[in-house]
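Asker: Structure file run_5.cif, mmCIF, C-alpha atoms, is pasted below:
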```cif
data_start
loop_
_atom_site.label_atom_id
_atom_site.label_comp_id
_atom_site.auth_asym_id
_atom_site.auth_seq_id
_atom_site.Cartn_x
_atom_site.Cartn_y
_atom_site.Cartn_z
CA MET A 110 21.37 -2.74 -0.71
CA VAL A 111 21.44 -3.64 -4.40
CA LEU A 112 23.37 -6.70 -5.51
CA ARG A 113 26.04 -6.10 -8.12
CA GLU A 114 25.35 -7.86 -11.42
CA THR A 115 28.71 -9.63 -11.61
CA LYS A 116 29.84 -13.21 -11.14
CA SER A 117 32.26 -12.16 -8.41
CA ALA A 118 29.37 -10.71 -6.36
CA LYS A 119 28.04 -14.19 -5.56
CA TRP A 120 31.51 -15.35 -4.57
CA ALA A 121 31.87 -12.30 -2.35
CA ILE A 122 28.59 -13.12 -0.57
CA ALA A 123 29.73 -16.71 -0.03
CA LEU A 124 33.11 -15.58 1.35
CA LEU A 125 31.39 -13.02 3.56
CA GLY A 126 29.27 -15.78 5.07
CA VAL A 127 32.36 -17.92 5.65
CA VAL A 128 34.22 -15.05 7.36
CA LEU A 129 31.33 -14.21 9.67
CA LEU A 130 30.51 -17.82 10.51
CA SER A 131 34.14 -18.77 11.18
CA ASN A 132 34.60 -15.84 13.57
CA LEU A 133 31.37 -16.66 15.34
CA LEU A 134 32.35 -20.33 15.79
CA LEU A 135 35.90 -19.47 16.83
CA TYR A 136 34.74 -18.09 20.19
CA GLN A 137 32.42 -20.98 21.05
CA SER A 138 33.83 -23.09 23.89
CA VAL A 139 32.68 -26.33 22.24
CA VAL A 140 34.63 -25.53 19.07
CA GLN A 141 37.71 -24.48 21.06
CA ARG A 142 37.75 -27.76 22.98
CA PHE A 143 37.15 -29.81 19.84
CA LEU A 144 39.99 -28.12 17.91
CA SER A 145 42.22 -27.67 20.98
CA ILE A 146 42.45 -23.90 20.36
CA GLU A 147 43.85 -21.42 22.89
CA LEU A 148 42.76 -17.86 22.24
CA GLU A 149 45.47 -15.21 22.31
CA ARG A 150 45.77 -11.52 21.47
CA GLY A 151 46.71 -12.28 17.87
CA VAL A 152 43.47 -14.19 17.34
CA VAL A 153 41.45 -11.19 18.54
CA ILE A 154 43.38 -8.86 16.22
CA GLY A 155 42.66 -11.23 13.33
CA SER A 156 38.95 -11.21 14.15
CA LEU A 157 38.91 -7.41 14.30
CA LEU A 158 40.57 -7.24 10.89
CA ASP A 159 38.02 -9.72 9.53
CA LEU A 160 35.02 -7.81 10.87
CA MET A 161 36.30 -4.26 10.29
CA ILE A 162 38.20 -4.60 7.01
CA ILE A 163 37.61 -7.91 5.23
CA SER A 164 33.84 -8.13 5.77
CA PRO A 165 33.07 -4.53 4.61
CA ALA A 166 35.36 -5.06 1.61
CA LEU A 167 33.48 -8.25 0.67
CA ALA A 168 30.14 -6.49 1.19
CA TYR A 169 31.33 -3.67 -1.09
CA ALA A 170 32.29 -6.24 -3.73
CA ALA A 171 28.87 -7.91 -3.47
CA PHE A 172 26.58 -4.88 -3.15
CA LYS A 173 26.40 -1.35 -4.55
CA LEU A 174 27.42 0.58 -1.44
CA SER A 175 28.43 4.17 -0.87
CA LYS A 176 31.56 5.12 1.07
CA LYS A 177 29.37 6.20 3.98
CA GLN A 178 27.72 2.78 4.07
CA VAL A 179 31.13 1.07 4.06
CA VAL A 180 32.21 3.18 7.05
CA GLY A 181 28.95 2.22 8.78
CA LEU A 182 29.71 -1.46 8.16
CA MET A 183 33.17 -1.01 9.68
CA VAL A 184 31.62 0.44 12.84
CA PHE A 185 29.03 -2.34 12.83
CA GLY A 186 31.89 -4.84 12.61
CA LEU A 187 33.36 -3.34 15.78
CA VAL A 188 30.04 -3.60 17.59
CA LEU A 189 29.60 -7.18 16.38
CA ALA A 190 33.10 -8.02 17.61
CA ARG A 191 32.16 -6.70 21.05
CA PHE A 192 29.35 -9.27 21.25
CA ILE A 193 31.29 -12.18 19.71
CA ILE A 194 34.63 -11.81 21.49
CA PRO A 195 34.67 -12.53 25.25
CA GLU A 196 34.88 -9.39 27.38
CA GLU A 197 38.27 -10.20 28.92
CA LEU A 198 39.85 -10.58 25.47
CA PHE A 199 38.15 -7.53 23.95
CA GLU A 200 38.93 -5.16 26.84
CA PRO A 201 42.28 -3.85 25.43
CA PHE A 202 40.43 -2.79 22.25
CA THR A 203 37.49 -1.02 23.94
CA ILE A 204 38.85 2.42 23.04
CA LEU A 205 38.68 1.40 19.37
CA LEU A 206 34.99 0.56 19.77
CA TYR A 207 34.20 3.89 21.45
CA SER A 208 36.11 5.79 18.76
CA GLY A 209 34.15 4.07 15.99
CA ILE A 210 30.80 4.67 17.67
CA GLY A 211 31.73 8.31 18.30
CA LEU A 212 32.57 8.79 14.62
CA GLU A 213 29.27 7.26 13.56
CA VAL A 214 27.37 9.45 16.03
CA LEU A 215 28.99 12.55 14.49
CA PHE A 216 27.92 11.42 11.01
CA LEU A 217 24.40 10.72 12.28
CA ALA A 218 24.17 14.13 13.97
CA ALA A 219 25.19 15.86 10.75
CA GLU A 220 22.57 13.91 8.79
CA VAL A 221 19.83 14.65 11.32
CA GLY A 222 20.80 18.31 10.97
CA LEU A 223 20.07 18.06 7.23
CA ILE A 224 16.59 16.75 8.01
CA PHE A 225 15.90 19.66 10.38
CA LEU A 226 17.14 22.04 7.69
CA ALA A 227 14.66 20.53 5.22
CA VAL A 228 11.83 20.98 7.74
CA ARG A 229 12.84 24.58 8.40
CA LYS A 230 12.90 25.37 4.67
CA PHE A 231 9.54 23.73 3.99
CA PRO A 232 7.85 27.04 2.96
CA GLU A 233 10.53 27.53 0.29
CA ILE A 234 10.17 23.90 -0.80
CA ARG A 235 6.40 24.26 -1.10
CA SER A 236 6.79 27.44 -3.15
CA ALA A 237 9.18 25.65 -5.52
CA MET A 238 6.72 22.78 -5.86
CA ARG A 239 3.88 25.08 -6.80
CA SER A 240 5.96 26.92 -9.40
CA SER A 241 6.95 23.64 -11.08
CA GLY A 242 3.44 23.06 -12.42
CA VAL A 243 3.49 19.29 -11.76
CA GLY A 244 2.11 17.12 -8.96
CA PRO A 245 3.89 16.43 -5.65
CA ILE A 246 5.06 13.02 -6.84
CA PHE A 247 7.26 14.79 -9.42
CA SER A 248 7.96 18.12 -7.70
CA LEU A 249 8.78 17.34 -4.03
CA LEU A 250 12.17 15.66 -4.41
CA PRO A 251 13.55 18.18 -6.98
CA ALA A 252 12.43 21.02 -4.70
CA VAL A 253 14.15 19.45 -1.68
CA GLU A 254 17.33 18.90 -3.70
CA LYS A 255 17.25 22.50 -4.91
CA LYS A 256 16.49 24.19 -1.58
CA VAL A 257 18.36 21.86 0.80
CA THR A 258 20.45 19.00 -0.57
CA GLY A 259 20.14 15.70 -2.41
CA HIS A 260 21.52 13.69 0.52
CA ILE A 261 20.17 10.15 0.79
CA LEU A 262 18.39 10.90 4.09
CA ASN A 263 16.51 13.81 2.54
CA ARG A 264 15.53 11.60 -0.41
CA ILE A 265 14.20 8.95 1.99
CA LEU A 266 12.38 11.60 4.04
CA SER A 267 10.80 13.00 0.86
CA SER A 268 9.63 9.53 -0.12
CA GLU A 269 8.04 8.98 3.29
CA VAL A 270 6.35 12.40 3.17
CA LEU A 271 4.91 11.52 -0.24
CA MET A 272 3.57 8.23 1.11
CA VAL A 273 1.82 9.91 4.05
CA TYR A 274 0.47 12.70 1.82
CA TYR A 275 -1.05 10.39 -0.76
CA ALA A 276 -2.30 7.86 1.81
CA LEU A 277 -4.00 10.35 4.16
CA LEU A 278 -4.22 13.89 2.78
CA CYS A 279 -5.38 13.88 -0.84
CA TRP A 280 -8.74 12.10 -0.79
CA ARG A 281 -10.53 15.13 -2.23
CA SER A 282 -8.05 15.58 -5.07
CA LYS A 283 -9.09 14.73 -8.60
CA PRO A 284 -6.98 13.39 -11.47
CA PRO A 285 -5.98 15.87 -14.18
CA VAL A 286 -8.28 16.08 -17.18
CA HIS A 287 -6.73 17.61 -20.28
CA ALA A 288 -5.76 16.64 -23.82
CA GLY A 289 -2.34 15.34 -22.74
CA ALA A 290 -3.52 13.03 -19.93
CA VAL A 291 -3.75 9.30 -20.72
CA THR A 292 -4.85 6.86 -18.01
CA MET A 293 -2.86 3.69 -17.40
CA HIS A 294 -4.89 1.64 -14.88
CA HIS A 295 -8.53 1.54 -16.00
CA LYS A 296 -8.01 -1.57 -18.13
CA THR A 297 -5.92 -3.37 -15.51
CA SER A 298 -6.53 -4.88 -12.07
CA ALA A 299 -3.93 -2.69 -10.34
CA VAL A 300 -6.33 -1.02 -7.88
CA ALA A 301 -8.19 -4.27 -7.15
CA MET A 302 -4.92 -6.11 -6.45
CA ASN A 303 -3.77 -3.43 -4.01
CA ILE A 304 -7.15 -3.54 -2.22
CA MET A 305 -6.80 -7.34 -1.93
CA LEU A 306 -3.32 -6.91 -0.47
CA ILE A 307 -4.61 -4.38 2.06
CA HIS A 308 -7.32 -6.85 3.15
CA ALA A 309 -4.74 -9.62 3.48
CA VAL A 310 -2.41 -7.46 5.58
CA VAL A 311 -5.25 -6.29 7.85
CA ILE A 312 -6.48 -9.87 8.44
CA GLU A 313 -2.92 -11.08 9.04
CA THR A 314 -2.30 -8.18 11.43
CA ILE A 315 -5.36 -8.95 13.53
CA GLY A 316 -4.63 -12.68 13.67
CA ILE A 317 -0.90 -12.55 14.41
CA HIS A 318 -1.17 -9.56 16.76
CA TRP A 319 -3.84 -11.36 18.80
CA TRP A 320 -1.73 -14.53 18.99
CA LEU A 321 1.62 -12.86 19.70
CA HIS A 322 0.47 -10.14 22.08
CA SER A 323 0.41 -12.35 25.17
CA LYS A 324 3.58 -14.30 24.26
CA LEU A 325 5.96 -11.80 22.64
CA PRO A 326 4.48 -8.31 23.12
CA ILE A 327 7.52 -6.44 21.77
CA LEU A 328 7.61 -8.51 18.56
CA SER A 329 3.84 -8.11 18.27
CA PHE A 330 4.17 -4.32 18.50
CA ILE A 331 6.98 -4.25 15.89
CA LEU A 332 4.92 -6.32 13.45
CA LEU A 333 1.92 -4.08 14.07
CA ILE A 334 3.95 -0.98 13.14
CA LEU A 335 5.33 -2.67 10.00
CA ASN A 336 1.87 -3.78 8.91
CA VAL A 337 0.39 -0.30 9.43
CA TYR A 338 3.24 1.10 7.32
CA THR A 339 2.49 -1.52 4.62
CA VAL A 340 -1.20 -0.61 4.55
CA LEU A 341 -0.35 3.09 4.20
CA LEU A 342 2.04 2.23 1.36
CA PHE A 343 -0.64 0.29 -0.54
CA ILE A 344 -3.19 3.09 -0.02
CA ALA A 345 -0.65 5.61 -1.36
CA GLU A 346 -0.05 3.36 -4.37
CA ILE A 347 -3.78 3.34 -5.13
CA GLN A 348 -4.05 7.12 -4.81
CA ILE A 349 -1.01 7.82 -7.00
CA THR A 350 -2.32 5.39 -9.60
CA ARG A 351 -5.67 7.19 -9.57
CA LEU A 352 -4.38 10.77 -9.47
CA HIS A 353 -1.42 10.55 -11.84
CA PRO A 354 -2.09 9.29 -15.36
CA LEU A 355 0.62 9.60 -17.96
CA GLU A 356 0.82 13.28 -18.91
CA VAL A 357 2.26 15.09 -21.89
CA LYS A 358 2.45 18.81 -21.18
CA ASN A 359 4.82 21.75 -21.41
CA GLY A 360 7.03 19.78 -23.79
CA HIS A 361 7.61 17.00 -21.23
CA LEU A 362 6.41 13.45 -20.66
CA TYR A 363 5.55 12.61 -17.03
CA VAL A 364 4.83 9.05 -15.96
CA THR A 365 4.85 7.31 -12.61
CA GLN A 366 4.10 3.88 -11.22
CA GLY A 367 3.19 4.57 -7.62
CA LEU A 368 6.10 5.32 -5.32
CA MET A 369 8.24 2.66 -6.97
CA GLN A 370 9.42 4.60 -10.02
CA ARG A 371 8.77 7.84 -11.86
CA ILE A 372 10.32 9.96 -14.56
CA GLY A 373 9.82 13.28 -16.27
CA LEU A 374 11.68 13.88 -19.52
CA PRO A 375 11.68 16.44 -22.36
CA LEU A 376 9.96 15.13 -25.46
CA ASN A 377 12.93 16.25 -27.57
CA GLN A 378 15.02 13.61 -25.76
CA ILE A 379 13.01 10.85 -27.47
CA GLU A 380 15.02 9.53 -30.39
CA GLN A 381 12.82 6.65 -31.55
CA ILE A 382 9.25 5.43 -30.88
CA GLU A 383 8.65 1.73 -31.57
CA TRP A 384 5.21 0.21 -31.16
CA GLY A 385 4.94 -3.51 -30.43
CA ARG A 386 8.67 -4.02 -29.81
CA LYS A 387 9.82 -6.01 -26.82
CA PRO A 388 11.76 -3.77 -24.40
CA GLY A 389 15.39 -4.52 -23.57
CA LYS A 390 16.52 -5.85 -20.20
CA GLU A 391 17.68 -2.39 -19.08
CA ALA A 392 14.44 -0.64 -20.05
CA LEU A 393 12.35 1.04 -17.36
CA VAL A 394 8.85 -0.42 -17.72
CA PHE A 395 5.75 1.52 -16.67
CA MET A 396 2.92 -0.99 -16.70
CA HIS A 397 0.34 -1.55 -13.98
CA LYS A 398 -0.28 -5.05 -12.68
CA ASP A 399 -3.07 -7.25 -13.98
CA PHE A 400 -4.36 -10.73 -13.21
CA GLU A 401 -3.53 -11.72 -16.78
CA GLU A 402 -0.14 -11.52 -18.47
CA ILE A 403 0.27 -8.22 -20.27
CA HIS A 404 3.09 -6.57 -22.20
CA PRO A 405 4.23 -3.00 -22.94
CA GLN A 406 2.76 -1.41 -26.04
CA VAL A 407 5.50 1.06 -26.95
CA VAL A 408 9.22 1.49 -26.35
CA LEU A 409 10.81 4.94 -26.27
CA SER A 410 14.53 5.05 -27.04
CA LEU A 411 16.22 8.18 -25.70
CA LYS A 412 19.01 10.21 -27.28
CA GLU A 413 20.96 10.09 -24.02
CA PRO A 414 20.33 8.59 -20.56
CA VAL A 415 17.79 10.43 -18.39
CA GLU A 416 17.59 10.22 -14.60
CA ALA A 417 14.58 8.39 -13.13
CA THR A 418 13.58 8.34 -9.46
CA MET A 419 13.05 4.95 -7.87
CA PHE A 420 11.72 3.80 -4.48
CA MET A 421 13.07 5.76 -1.47
CA GLY A 422 14.45 8.44 -3.79
CA ARG A 423 17.11 6.25 -5.39
CA LYS A 424 18.34 7.57 -8.74
CA GLN A 425 18.74 5.49 -11.89
CA ARG A 426 19.78 6.58 -15.37
CA VAL A 427 17.79 4.99 -18.17
CA SER A 428 18.03 5.17 -21.95
CA GLU A 429 14.88 3.18 -22.79
CA ILE A 430 11.32 3.43 -21.46
CA ALA A 431 8.47 0.99 -22.07
CA LEU A 432 4.83 2.02 -21.58
CA ARG A 433 1.35 0.49 -21.48
CA VAL A 434 -1.70 2.78 -21.38
CA ASP A 435 -5.47 2.45 -21.67
CA GLU A 436 -5.64 4.37 -24.96
CA PRO A 437 -2.55 3.60 -27.06
CA GLU A 438 -3.89 5.42 -30.13
CA ARG A 439 -4.27 8.61 -28.13
CA LEU A 440 -0.73 8.30 -26.77
CA LYS A 441 0.56 7.65 -30.28
CA GLU A 442 -1.08 10.85 -31.49
CA LEU A 443 0.34 12.85 -28.57
CA LEU A 444 3.87 11.58 -29.08
CA GLU A 445 3.81 12.12 -32.83
CA VAL A 446 2.36 15.64 -32.61
CA ARG A 447 4.43 16.81 -29.65
CA ASN A 448 7.64 15.22 -30.89
CA SER A 449 7.38 16.48 -34.47
#
```
What does this structure look like when you write it as structure tokens?
Answerer:
Amino acid sequence: MVLRETKSAKWAIALLGVVLLSNLLLYQSVVQRFLSIELERGVVIGSLLDLMIISPALAYAAFKLSKKQVVGLMVFGLVLARFIIPEELFEPFTILLYSGIGLEVLFLAAEVGLIFLAVRKFPEIRSAMRSSGVGPIFSLLPAVEKKVTGHILNRILSSEVLMVYYALLCWRSKPPVHAGAVTMHHKTSAVAMNIMLIHAVVIETIGIHWWLHSKLPILSFILLILNVYTVLLFIAEIQITRLHPLEVKNGHLYVTQGLMQRIGLPLNQIEQIEWGRKPGKEALVFMHKDFEEIHPQVVLSLKEPVEATMFMGRKQRVSEIALRVDEPERLKELLEVRNS
């Protein structure tokens, strides 16, 4: 969930915490005795309204949520009410809980069906990827959207497939070498930093897994899975960094920063090229990490917003891009020649 950039969003989070905490405390016997409260049917109805209507509304005011996510929060509110409210008080409303869960199961079944459809159409997706002329990092998601659908689950699935592919299946691949390819990581510590993070995660996994395994085996197993996923993510980041330099080809500019963000845009969409200018707050910055503080070298202002792909397939429209490459003079020549 992404926090809304408004002053009211922080107030909404605070109110959401108050609503949840007050309903949780209301059904504690200590609080009831202290406040001399007797629970009746009206109190339960009020709690259901808080958890099903008020809380999702406050969450929607605080975070950028889709309608489907709001419905999911309403069902979650029902489930939460089942655990907070004593069974004898909640019993008259059990049918409401089952109805909500049934609705969510139907939504989930439909979404799982979309995933199976994507798997079934994989040969068509692969054919579309090959005909695009760009690497999987740029071609997989557009192919899935074209052949199946752009549903959020398919975008997430595509992102996970890309992670597994780059982490495990492309070790023999080589980076493109042509006049329009400009590396971005050779003069940074991006690869070294990711290797250090992998070492840290592996050491932490061994230590914590050994300590937790005899005490909390389920938690130990969950942390092990999460850490393996993290290691695969860092390996994929290294491979994408190595295999995908900035490319100018076929009248387009392609640039990616691991799985976190990527964009491909026509060169004729570039309105202004400014070297040495500080990018604006809304600019999408492509700059690999370094141990020292570094800054973008060039800012590209676009004629109109272009859609970029972020982590887990999330879409974001940007009108300004900032770049840092190993050979700025070469990039300058490419942009001036190709954009003239």
Asker: As an exercise, work out the distance from atom CA of A:Glu196 to atom CA of A:Ile327 in Å and give it to one decimal place.
Answerer: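 For atom CA of A:Glu196 relative to atom CA of A:Ile327, the distance reads 28.1 Å.
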Asker: Check which residues satisfy the PyMOL selection byres ((chain A and resi 248-258) around 8) in the file shown, then give them as a list of chain:residue names.
Answerer: A:Leu223, A:Leu226, A:Ala227, A:Lys230, A:Glu233, A:Ile234, A:Arg235, A:Ala237, A:Met238, A:Ser241, A:Val243, A:Gly244, A:Pro245, A:Ile246, A:Phe247, A:Gly259, A:His260, A:Asn263, A:Arg264, A:Ser267, A:Ser268, A:Leu271, A:Gly422
Asker: Specify as a compact mmCIF listing (two decimals) with C-alpha atoms, keeping the file's coordinate frame each residue included when the PyMOL selection byres ((chain A and resi 138-152) around 12) is applied to this file.
Answerer:
```txt
# COMPACT_ATOMS: atom_id res chain seq x y z
CA SER A 131 34.14 -18.77 11.18
CA ASN A 132 34.60 -15.84 13.57
CA LEU A 133 31.37 -16.66 15.34
CA LEU A 134 32.35 -20.33 15.79
CA LEU A 135 35.90 -19.47 16.83
CA TYR A 136 34.74 -18.09 20.19
CA GLN A 137 32.42 -20.98 21.05
CA VAL A 153 41.45 -11.19 18.54
CA ILE A 154 43.38 -8.86 16.22
CA GLY A 155 42.66 -11.23 13.33
CA SER A 156 38.95 -11.21 14.15
CA LEU A 157 38.91 -7.41 14.30
CA LEU A 158 40.57 -7.24 10.89
CA ASP A 159 38.02 -9.72 9.53
CA ILE A 193 31.29 -12.18 19.71
CA ILE A 194 34.63 -11.81 21.49
CA PRO A 195 34.67 -12.53 25.25
CA GLU A 197 38.27 -10.20 28.92
CA LEU A 198 39.85 -10.58 25.47
CA PHE A 199 38.15 -7.53 23.95
CA GLU A 200 38.93 -5.16 26.84
CA PRO A 201 42.28 -3.85 25.43
CA PHE A 202 40.43 -2.79 22.25
```
Asker: When you count all atoms listed in the file, which of these residues is closest to A:Met421: A:Ile331, A:Leu393, A:Val270, A:Ala301?
Answerer: A:Val270
Asker: Please report the interatomic distance between atom CA of A:Met302 and atom CA of A:Arg351 in Å with one decimal.
Answerer: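 Those two atoms sit 13.7 Å apart.
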Asker: Measuring between all atoms listed in the file, which one of A:Gly289, A:Gly209, A:Gly186, A:Gly385 shows the shortest distance to A:Glu356?
Answerer: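 Going through A:Gly289, A:Gly209, A:Gly186, A:Gly385 one by one, the smallest distance to A:Glu356 is for A:Gly289.
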Asker: From the options A:Leu125, A:Val337, A:Leu409, A:Met272, which residue's atoms come nearest to A:Gly367, counting all atoms listed in the file?
Answerer: A:Met272
